[in-house]
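Shown next, in structure tokens, is the structure this report addresses.
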Amino acid sequence: MTKPVILTGLRANNDLHIGNYLGALLPLVDMARQKSSEYQVNLFVPDLHSFTTPIDHSQLQASIMQNIRVFTAAGLPLDNPDVNIYRQSYIPAHSELTWILDCFTGAGEMRRMTQFKDKSEGLGDERVSVGLFNYPVLMAADILLYGARFVPVGDDQTQHLEFARDIAERLNNKFGDLFVVPEPVKKQHEFFGKDQGLRIRDLQNPLKKMSKSDESGKGVIFLTDSPKAARKKIMSAETDSIGKVNYDYERQPGVSNLLDIYRFLGGEPREFIGEAQYGLLKKAVADKVEGFLIDFQARLKKVDNAQIFNKLESDEAKMRKIADSQLLKVQKAVGLRPQ
Ligand code: TRP
């Protein structure tokens with residue numbers, strides 16, 4: 001019997017911060033490690049999706065590699081044969097299935113997608129690419145080629161996941177059982193745990209999420225920050241004047257955020273509850289963050305590109321077979337190949 005498939009795109013960018021790391025990367029890597037005995041775990045770099053909005057193409061190869069290096073430093077296992085790591089564009093079936101699915105997709109459906117509306121806003125019609133428009137169709141192909149049932153995605157992607165279910169059902173109804181329909185969003189949340197990622201807040205404004213778009217950068221700890229600079233950012237984090245450490249996001253969001261960072265870096269926040277001096281908590285969190293960055297940056301430096309390339313090549317060969325056989329099934333169903 002073949003194992004059920006978990007599949008997701010590895011999203012990263014060059015300005016990752018500890019909020020992304022603790023809230024998204026680490027949970028994904030942990031999931032891959034834990035589930036790989038019972039599931040086939042497919043993690044891929046959606047490189048074809050990366051220029052649906054304009055990018056510097058001369059940097060694309062480097063950023064794909066950096067993306068995988070960061071995940072590897074976060075613990076993504078390169079030696080686990082049940083965790084497949086691949087680049088979307090190295091498996092041509094993704095593009096080919098996209099075309100076929102395109103022809104069964106309504107333009108209205110795509111126009112209603114929230115991400116499309118957000119990302120195309122303010123760009124003139126001529127500058128909104130058709131690639132951005134049918135982004136969800138490529139994403140559906142990514143999922144359906146491998147018969148994935150479980151697809152962990154952030155809230156901003158649930159509409160796309162719903163579309164993948166719709167198009168799978170639409171073709172199944174028309175052509176017989178072609179695709180595994182991914183589980184509905186509610187089931188996905190049950191499976192992965194809804195609150196997968198904790199949300200680290202901005203250190204200067206703990207009412208909002210830590211985000212790379214923070215202008216001063218003082219409230220954000222980037223994975224590339226020097227450990228000493230990161231320490232200073234923690235020491236000057238915004239707190240309150242209550243004068244007693246409590247885990248209470250309503251009244252003490254700054255302090256609660258520090259407690260969360262501490263806990264997610266392996267500390268025991270209870271030690272500080274009731275403490276009157278915020279300085280002690282800050283110092284402990286600063287130690288943890290500094291240590292974490294020293295360690296992470298050392299691991300990143302040691303990641304072996306050759307090992308990554310070997311893994312990619314062998315997994316891409318394996319995935320090409322799976323994807324091609326699913327594609328052939330579809331090609332037969334729509335009449336592109338003899339039965
Ligand atoms: N669009 C996803 C994101 O931005 C990445 C992605 C592409 C993806 N294809 C996918 C995720 C297929 C899950 C399944 O996060």
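Ordering of the structure tokens sets the chain letters (A, B, ...); residue numbers start at 1 within each chain; ligands are numbered from 1 in the order shown.
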Problem set entry | Expected answer as a VMD selection string: alpha helix (DSSP H) residues in stretch 17-203 of chain A | chain A and resid 18 to 20 26 to 35 60 to 73 93 to 102 107 to 111 114 to 120 130 to 133 135 to 144 158 to 175 185 to 192
For this session: Write down as a list in words the residues belonging to stretch 11-46 of chain A that are assigned strand (DSSP E or B) by DSSP computed on the backbone.
Result: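 Residues of stretch 11-46 of chain A classed as strand (DSSP E or B): His17, Gln40, Val41, Asn42, Leu43, Phe44 and Val45 of chain A.
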Problem set entry | Selection as a PyMOL selection string: residues within 10 Å of ligand 1 by only C-alpha atoms and all ligand atoms | chain A and resi 6-12+42-50+88+115+135-144+148+150-158+160-161+164
Could those residues be written to a file, using N, CA and C atoms, as a tab-separated table (two decimals), in the first residue's frame?
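The file below, part_9.tsv, is the result:
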```tsv
chain	number	residue	atom	x	y	z
A	6	ILE	N	1.51	14.02	2.17
A	6	ILE	CA	1.48	15.40	2.70
A	6	ILE	C	2.35	16.22	1.76
A	7	LEU	N	1.87	17.36	1.36
A	7	LEU	CA	2.65	18.14	0.39
A	7	LEU	C	2.54	19.64	0.69
A	8	THR	N	3.66	20.33	0.59
A	8	THR	CA	3.56	21.78	0.66
A	8	THR	C	4.76	22.47	0.01
A	9	GLY	N	4.54	23.74	-0.35
A	9	GLY	CA	5.61	24.54	-0.95
A	9	GLY	C	6.46	25.14	0.15
A	10	LEU	N	7.77	25.18	-0.07
A	10	LEU	CA	8.68	25.79	0.90
A	10	LEU	C	8.79	27.27	0.59
A	11	ARG	N	8.11	28.04	1.38
A	11	ARG	CA	8.14	29.46	1.12
A	11	ARG	C	9.23	30.12	1.96
A	12	ALA	N	10.07	30.87	1.32
A	12	ALA	CA	11.10	31.59	2.07
A	12	ALA	C	11.45	32.84	1.29
A	42	ASN	N	6.12	15.48	0.80
A	42	ASN	CA	6.70	16.15	-0.37
A	42	ASN	C	6.85	17.64	-0.08
A	43	LEU	N	8.07	18.12	-0.10
A	43	LEU	CA	8.32	19.54	0.13
A	43	LEU	C	9.05	20.07	-1.08
A	44	PHE	N	8.50	21.12	-1.67
A	44	PHE	CA	9.14	21.57	-2.90
A	44	PHE	C	9.27	23.08	-2.95
A	45	VAL	N	10.20	23.51	-3.78
A	45	VAL	CA	10.41	24.94	-3.97
A	45	VAL	C	9.58	25.37	-5.17
A	46	PRO	N	8.56	26.21	-4.97
A	46	PRO	CA	7.71	26.62	-6.08
A	46	PRO	C	8.39	27.68	-6.95
A	47	ASP	N	9.42	27.26	-7.66
A	47	ASP	CA	10.22	28.25	-8.41
A	47	ASP	C	9.43	28.89	-9.56
A	48	LEU	N	8.48	28.14	-10.15
A	48	LEU	CA	7.68	28.74	-11.22
A	48	LEU	C	6.74	29.82	-10.68
A	49	HIS	N	6.38	29.68	-9.42
A	49	HIS	CA	5.52	30.70	-8.81
A	49	HIS	C	6.31	31.97	-8.47
A	50	SER	N	7.62	31.87	-8.49
A	50	SER	CA	8.39	32.97	-7.91
A	50	SER	C	8.45	34.22	-8.78
A	88	GLN	N	9.98	22.59	-8.32
A	88	GLN	CA	8.80	22.48	-9.18
A	88	GLN	C	9.16	22.45	-10.67
A	115	GLN	N	-5.86	36.79	-2.96
A	115	GLN	CA	-4.45	37.09	-3.17
A	115	GLN	C	-4.23	37.79	-4.51
A	135	TYR	N	-2.04	31.67	-11.02
A	135	TYR	CA	-1.24	31.14	-9.91
A	135	TYR	C	-1.93	29.97	-9.18
A	136	PRO	N	-3.23	30.12	-8.83
A	136	PRO	CA	-3.88	29.01	-8.11
A	136	PRO	C	-4.00	27.74	-8.94
A	137	VAL	N	-4.00	27.86	-10.26
A	137	VAL	CA	-4.13	26.67	-11.10
A	137	VAL	C	-2.82	25.87	-11.05
A	138	LEU	N	-1.71	26.58	-11.13
A	138	LEU	CA	-0.41	25.91	-10.98
A	138	LEU	C	-0.32	25.26	-9.60
A	139	MET	N	-0.81	25.96	-8.60
A	139	MET	CA	-0.78	25.41	-7.24
A	139	MET	C	-1.64	24.15	-7.15
A	140	ALA	N	-2.78	24.15	-7.83
A	140	ALA	CA	-3.63	22.96	-7.84
A	140	ALA	C	-2.89	21.80	-8.52
A	141	ALA	N	-2.19	22.10	-9.61
A	141	ALA	CA	-1.42	21.06	-10.30
A	141	ALA	C	-0.35	20.50	-9.36
A	142	ASP	N	0.32	21.37	-8.62
A	142	ASP	CA	1.35	20.94	-7.66
A	142	ASP	C	0.80	19.87	-6.72
A	143	ILE	N	-0.43	20.10	-6.30
A	143	ILE	CA	-1.05	19.22	-5.30
A	143	ILE	C	-1.59	17.94	-5.94
A	144	LEU	N	-2.29	18.10	-7.07
A	144	LEU	CA	-3.04	16.98	-7.65
A	144	LEU	C	-2.13	15.97	-8.35
A	148	ALA	N	-2.00	14.43	-3.23
A	148	ALA	CA	-1.83	14.84	-1.83
A	148	ALA	C	-3.16	15.04	-1.12
A	150	PHE	N	-3.10	15.88	2.37
A	150	PHE	CA	-2.85	16.88	3.43
A	150	PHE	C	-1.89	17.94	2.93
A	151	VAL	N	-2.35	19.19	3.03
A	151	VAL	CA	-1.58	20.30	2.48
A	151	VAL	C	-1.53	21.42	3.52
A	152	PRO	N	-0.46	21.49	4.30
A	152	PRO	CA	-0.40	22.57	5.29
A	152	PRO	C	-0.09	23.90	4.61
A	153	VAL	N	-0.99	24.84	4.75
A	153	VAL	CA	-0.74	26.18	4.19
A	153	VAL	C	-1.23	27.23	5.18
A	154	GLY	N	-0.73	28.42	5.02
A	154	GLY	CA	-1.17	29.54	5.86
A	154	GLY	C	-2.56	30.00	5.44
A	155	ASP	N	-3.14	30.84	6.29
A	155	ASP	CA	-4.50	31.34	6.04
A	155	ASP	C	-4.63	32.02	4.68
A	156	ASP	N	-3.55	32.67	4.24
A	156	ASP	CA	-3.62	33.39	2.96
A	156	ASP	C	-3.73	32.43	1.77
A	157	GLN	N	-3.56	31.12	2.02
A	157	GLN	CA	-3.59	30.17	0.91
A	157	GLN	C	-4.81	29.25	0.95
A	158	THR	N	-5.69	29.44	1.92
A	158	THR	CA	-6.80	28.48	2.03
A	158	THR	C	-7.75	28.56	0.84
A	160	HIS	N	-6.89	29.12	-2.18
A	160	HIS	CA	-6.24	28.36	-3.25
A	160	HIS	C	-6.42	26.86	-3.04
A	161	LEU	N	-6.36	26.45	-1.80
A	161	LEU	CA	-6.57	25.04	-1.50
A	161	LEU	C	-8.01	24.62	-1.82
A	164	ALA	N	-8.23	24.04	-5.41
A	164	ALA	CA	-7.65	22.74	-5.82
A	164	ALA	C	-8.68	21.62	-5.62
```
Exercise. Which residues come within 10 Å of stretch 325-331 of chain A, counting only C-alpha atoms, excluding same-chain residues fewer than 4 positions away, as a VMD selection string?
Worked result: chain A and resid 93 to 94 96 to 97 100 to 101 141 144 to 147 171 175 178 to 179 319 to 321 335 to 339
Problem set entry | For A:Pro27, the nearest of the candidates A:Ala73, A:Ile167, A:Val5, A:Leu198, counting only C-alpha atoms |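 Among the listed residues, A:Leu198 lies closest to A:Pro27.
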For this session: Within 12 Å of A:Val130, counting only C-alpha atoms, which residues show up once you throw out same-chain ones fewer than 2 positions away? Write them as a PyMOL selection string, please.
Result: chain A and resi 49+51-53+102+107+110-111+116+120+125-128+132-138
How about saving the chosen residues, C-alpha atoms kept, as a PDB file, in the first residue's frame?
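Saved the output as selection-v6.pdb:
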```pdb
ATOM      1  CA  HIS A  49       5.522  30.699  -8.808  1.00  0.00           C
ATOM      2  CA  PHE A  51       8.041  35.358 -10.821  1.00  0.00           C
ATOM      3  CA  THR A  52       4.279  35.735 -11.012  1.00  0.00           C
ATOM      4  CA  THR A  53       5.195  39.205  -9.797  1.00  0.00           C
ATOM      5  CA  ASP A 102      -6.564  26.149 -17.103  1.00  0.00           C
ATOM      6  CA  ALA A 107     -11.744  33.443 -15.417  1.00  0.00           C
ATOM      7  CA  MET A 110      -9.506  33.421 -10.627  1.00  0.00           C
ATOM      8  CA  ARG A 111     -10.528  37.055 -10.526  1.00  0.00           C
ATOM      9  CA  PHE A 116      -4.879  38.020  -6.819  1.00  0.00           C
ATOM     10  CA  SER A 120      -2.664  43.124  -8.560  1.00  0.00           C
ATOM     11  CA  ASP A 125      -3.963  45.916 -16.149  1.00  0.00           C
ATOM     12  CA  GLU A 126      -1.031  45.535 -18.543  1.00  0.00           C
ATOM     13  CA  ARG A 127       1.349  44.920 -15.660  1.00  0.00           C
ATOM     14  CA  VAL A 128      -0.696  42.209 -13.975  1.00  0.00           C
ATOM     15  CA  LEU A 132      -0.356  35.930 -11.314  1.00  0.00           C
ATOM     16  CA  PHE A 133      -3.892  35.392 -12.541  1.00  0.00           C
ATOM     17  CA  ASN A 134      -3.647  31.624 -12.801  1.00  0.00           C
ATOM     18  CA  TYR A 135      -1.238  31.139  -9.911  1.00  0.00           C
ATOM     19  CA  PRO A 136      -3.881  29.015  -8.107  1.00  0.00           C
ATOM     20  CA  VAL A 137      -4.133  26.666 -11.096  1.00  0.00           C
ATOM     21  CA  LEU A 138      -0.412  25.913 -10.979  1.00  0.00           C
TER      22      LEU A 138
END
```
For this session: Pick out the residues sitting within 12 Å of A:Asp214, and hand them over as a PyMOL selection string; count only C-alpha atoms, and ignore anything fewer than 3 positions along from it in its own chain.
Result: chain A and resi 15+17+201-205+208-211+217-222
What would the file look like if the residues just selected were written as an mmCIF file, in the first residue's frame with N, CA and C atoms?
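selection26.cif, written as the output of this step:
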```
data_model
loop_
_atom_site.group_PDB
_atom_site.id
_atom_site.type_symbol
_atom_site.label_atom_id
_atom_site.label_comp_id
_atom_site.auth_asym_id
_atom_site.auth_seq_id
_atom_site.Cartn_x
_atom_site.Cartn_y
_atom_site.Cartn_z
ATOM 1 N N ASP A 15 14.714 37.818 3.668
ATOM 2 C CA ASP A 15 14.680 38.600 4.905
ATOM 3 C C ASP A 15 13.962 37.844 6.010
ATOM 4 N N HIS A 17 12.965 36.354 9.477
ATOM 5 C CA HIS A 17 13.204 36.783 10.856
ATOM 6 C C HIS A 17 12.794 35.657 11.810
ATOM 7 N N ARG A 201 5.483 38.826 18.014
ATOM 8 C CA ARG A 201 5.112 40.221 17.753
ATOM 9 C C ARG A 201 6.355 41.093 17.545
ATOM 10 N N ASP A 202 6.115 42.245 16.983
ATOM 11 C CA ASP A 202 7.171 43.235 16.819
ATOM 12 C C ASP A 202 7.650 43.696 18.206
ATOM 13 N N LEU A 203 8.962 43.828 18.375
ATOM 14 C CA LEU A 203 9.496 44.156 19.707
ATOM 15 C C LEU A 203 9.198 45.599 20.110
ATOM 16 N N GLN A 204 9.089 46.461 19.105
ATOM 17 C CA GLN A 204 8.819 47.866 19.410
ATOM 18 C C GLN A 204 7.337 48.168 19.479
ATOM 19 N N ASN A 205 6.567 47.399 18.735
ATOM 20 C CA ASN A 205 5.121 47.573 18.753
ATOM 21 C C ASN A 205 4.450 46.207 18.885
ATOM 22 N N LYS A 208 1.470 44.518 16.932
ATOM 23 C CA LYS A 208 1.441 43.928 15.586
ATOM 24 C C LYS A 208 2.466 42.802 15.442
ATOM 25 N N LYS A 209 2.222 42.001 14.422
ATOM 26 C CA LYS A 209 3.077 40.855 14.145
ATOM 27 C C LYS A 209 4.488 41.296 13.754
ATOM 28 N N MET A 210 5.502 40.522 14.118
ATOM 29 C CA MET A 210 6.845 40.810 13.621
ATOM 30 C C MET A 210 6.814 40.647 12.101
ATOM 31 N N SER A 211 7.313 41.640 11.389
ATOM 32 C CA SER A 211 7.203 41.610 9.936
ATOM 33 C C SER A 211 8.393 42.292 9.295
ATOM 34 N N GLY A 217 13.439 48.347 11.548
ATOM 35 C CA GLY A 217 14.107 47.075 11.785
ATOM 36 C C GLY A 217 14.413 46.831 13.260
ATOM 37 N N LYS A 218 14.089 47.801 14.115
ATOM 38 C CA LYS A 218 14.427 47.646 15.536
ATOM 39 C C LYS A 218 13.527 46.653 16.260
ATOM 40 N N GLY A 219 12.346 46.461 15.698
ATOM 41 C CA GLY A 219 11.414 45.545 16.339
ATOM 42 C C GLY A 219 11.491 44.128 15.799
ATOM 43 N N VAL A 220 12.416 43.914 14.861
ATOM 44 C CA VAL A 220 12.471 42.636 14.150
ATOM 45 C C VAL A 220 13.858 42.017 14.298
ATOM 46 N N ILE A 221 13.903 40.730 14.603
ATOM 47 C CA ILE A 221 15.201 40.054 14.654
ATOM 48 C C ILE A 221 15.352 39.171 13.422
ATOM 49 N N PHE A 222 16.200 39.616 12.518
ATOM 50 C CA PHE A 222 16.429 38.860 11.291
ATOM 51 C C PHE A 222 17.423 37.730 11.556
#
```
Exercise. Any idea what's packed within 12 Å of stretch 295-303 of chain A, counting only C-alpha atoms, ignoring anything in its chain fewer than 4 positions away? Could you give it as a ChimeraX atom specification?
Worked result: /A:17-18,21,65-78,222-227,265,288-291,307-309
Output C-alpha atoms for every residue in the selection just made, as a PDB file, in the first residue's frame.
```
ATOM      1  CA  HIS A  17      13.204  36.783  10.856  1.00  0.00           C
ATOM      2  CA  ILE A  18      12.757  34.745  14.028  1.00  0.00           C
ATOM      3  CA  TYR A  21      11.563  30.758  11.813  1.00  0.00           C
ATOM      4  CA  MET A  65      19.559  27.533  -3.095  1.00  0.00           C
ATOM      5  CA  GLN A  66      19.522  29.860  -0.104  1.00  0.00           C
ATOM      6  CA  ASN A  67      15.927  28.863   0.555  1.00  0.00           C
ATOM      7  CA  ILE A  68      16.839  25.177   0.794  1.00  0.00           C
ATOM      8  CA  ARG A  69      19.965  25.945   2.823  1.00  0.00           C
ATOM      9  CA  VAL A  70      17.902  27.814   5.412  1.00  0.00           C
ATOM     10  CA  PHE A  71      15.411  24.957   5.710  1.00  0.00           C
ATOM     11  CA  THR A  72      18.286  22.527   6.038  1.00  0.00           C
ATOM     12  CA  ALA A  73      19.858  24.590   8.808  1.00  0.00           C
ATOM     13  CA  ALA A  74      16.435  24.576  10.491  1.00  0.00           C
ATOM     14  CA  GLY A  75      16.585  20.779  10.528  1.00  0.00           C
ATOM     15  CA  LEU A  76      15.050  19.643   7.237  1.00  0.00           C
ATOM     16  CA  PRO A  77      16.360  16.083   6.918  1.00  0.00           C
ATOM     17  CA  LEU A  78      18.316  15.523   3.698  1.00  0.00           C
ATOM     18  CA  PHE A 222      16.429  38.860  11.291  1.00  0.00           C
ATOM     19  CA  LEU A 223      18.200  35.529  10.970  1.00  0.00           C
ATOM     20  CA  THR A 224      21.097  37.464   9.466  1.00  0.00           C
ATOM     21  CA  ASP A 225      21.376  39.941  12.368  1.00  0.00           C
ATOM     22  CA  SER A 226      24.614  39.870  14.285  1.00  0.00           C
ATOM     23  CA  PRO A 227      23.967  38.113  17.604  1.00  0.00           C
ATOM     24  CA  LEU A 265      13.785  28.952  22.239  1.00  0.00           C
ATOM     25  CA  LYS A 288      18.619  32.824  24.393  1.00  0.00           C
ATOM     26  CA  VAL A 289      18.261  34.843  21.200  1.00  0.00           C
ATOM     27  CA  GLU A 290      21.970  35.527  20.985  1.00  0.00           C
ATOM     28  CA  GLY A 291      22.761  31.854  21.523  1.00  0.00           C
ATOM     29  CA  GLN A 307      24.520  17.169  -0.450  1.00  0.00           C
ATOM     30  CA  ILE A 308      21.542  19.350  -1.335  1.00  0.00           C
ATOM     31  CA  PHE A 309      22.126  18.904  -5.064  1.00  0.00           C
TER      32      PHE A 309
END
```
For this session: To one decimal in Å, tell me the separation between atom CA of A:Arg170 and atom CA of A:Gly193.
Result: 28.6 Å
For A:Phe272, list every protein, DNA or RNA residue within 12 Å, evaluated using only C-alpha atoms, and leave out those in the same chain fewer than 5 positions away; present the list as a CSV table (one decimal) with C-alpha atoms, in the first residue's frame.
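Output below, filename selection_36.csv:
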```csv
chain,number,residue,atom,x,y,z
A,244,LYS,CA,5.1,42.6,37.3
A,245,VAL,CA,5.7,39.9,34.7
A,246,ASN,CA,2.4,38.3,33.6
A,247,TYR,CA,1.5,36.3,30.5
A,255,VAL,CA,6.2,41.1,28.2
A,256,SER,CA,4.0,38.2,26.9
A,258,LEU,CA,9.2,38.1,25.4
A,259,LEU,CA,7.9,35.1,27.4
A,260,ASP,CA,6.8,33.4,24.1
A,262,TYR,CA,11.8,32.6,25.5
A,263,ARG,CA,9.6,29.5,25.6
A,267,GLY,CA,13.3,28.4,28.0
A,277,GLN,CA,12.2,43.5,37.2
A,278,TYR,CA,11.7,43.3,33.5
A,279,GLY,CA,15.4,43.6,33.1
A,280,LEU,CA,16.0,40.0,34.3
A,281,LEU,CA,13.5,38.6,31.8
A,282,LYS,CA,15.0,40.7,29.0
A,283,LYS,CA,18.5,39.6,29.8
A,284,ALA,CA,17.4,35.9,29.8
A,285,VAL,CA,15.6,36.3,26.5
```
Problem set entry | From A:Gln188, A:Asn310, A:Ser63, A:Thr105, residue lying nearest A:Asp79 [only C-alpha atoms] |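 Distance minimum relative to A:Asp79 lands on A:Asn310.
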Exercise. From the list A:Met31, A:Ala306, A:Ile261, A:Leu123, which residue is nearest A:Arg199 when using only C-alpha atoms?
Worked result: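 Selected residue with least distance to A:Arg199: A:Ile261.
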For this session: Enter the distance from atom CA of A:Phe192 to atom CA of A:Arg165, in Å, rounded to one decimal.
Result: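 Those two atoms sit 18.0 Å apart.
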Problem set entry | Selected residue, from A:Glu162, A:Lys332, A:Ala32, A:Ser95, that lies nearest to A:Asn80 when counting only C-alpha atoms | A:Ala32
Problem set entry | Interatomic distance, atom CA of A:Val181 to atom CA of A:Ser314 (Å, one decimal) | 27.3 Å
Exercise. From the set A:Val180, A:Cys103, A:Val41, A:Ala286, which residue has the shortest atom-to-atom contact distance to A:Ile85, counting only C-alpha atoms?
Worked result: A:Val41
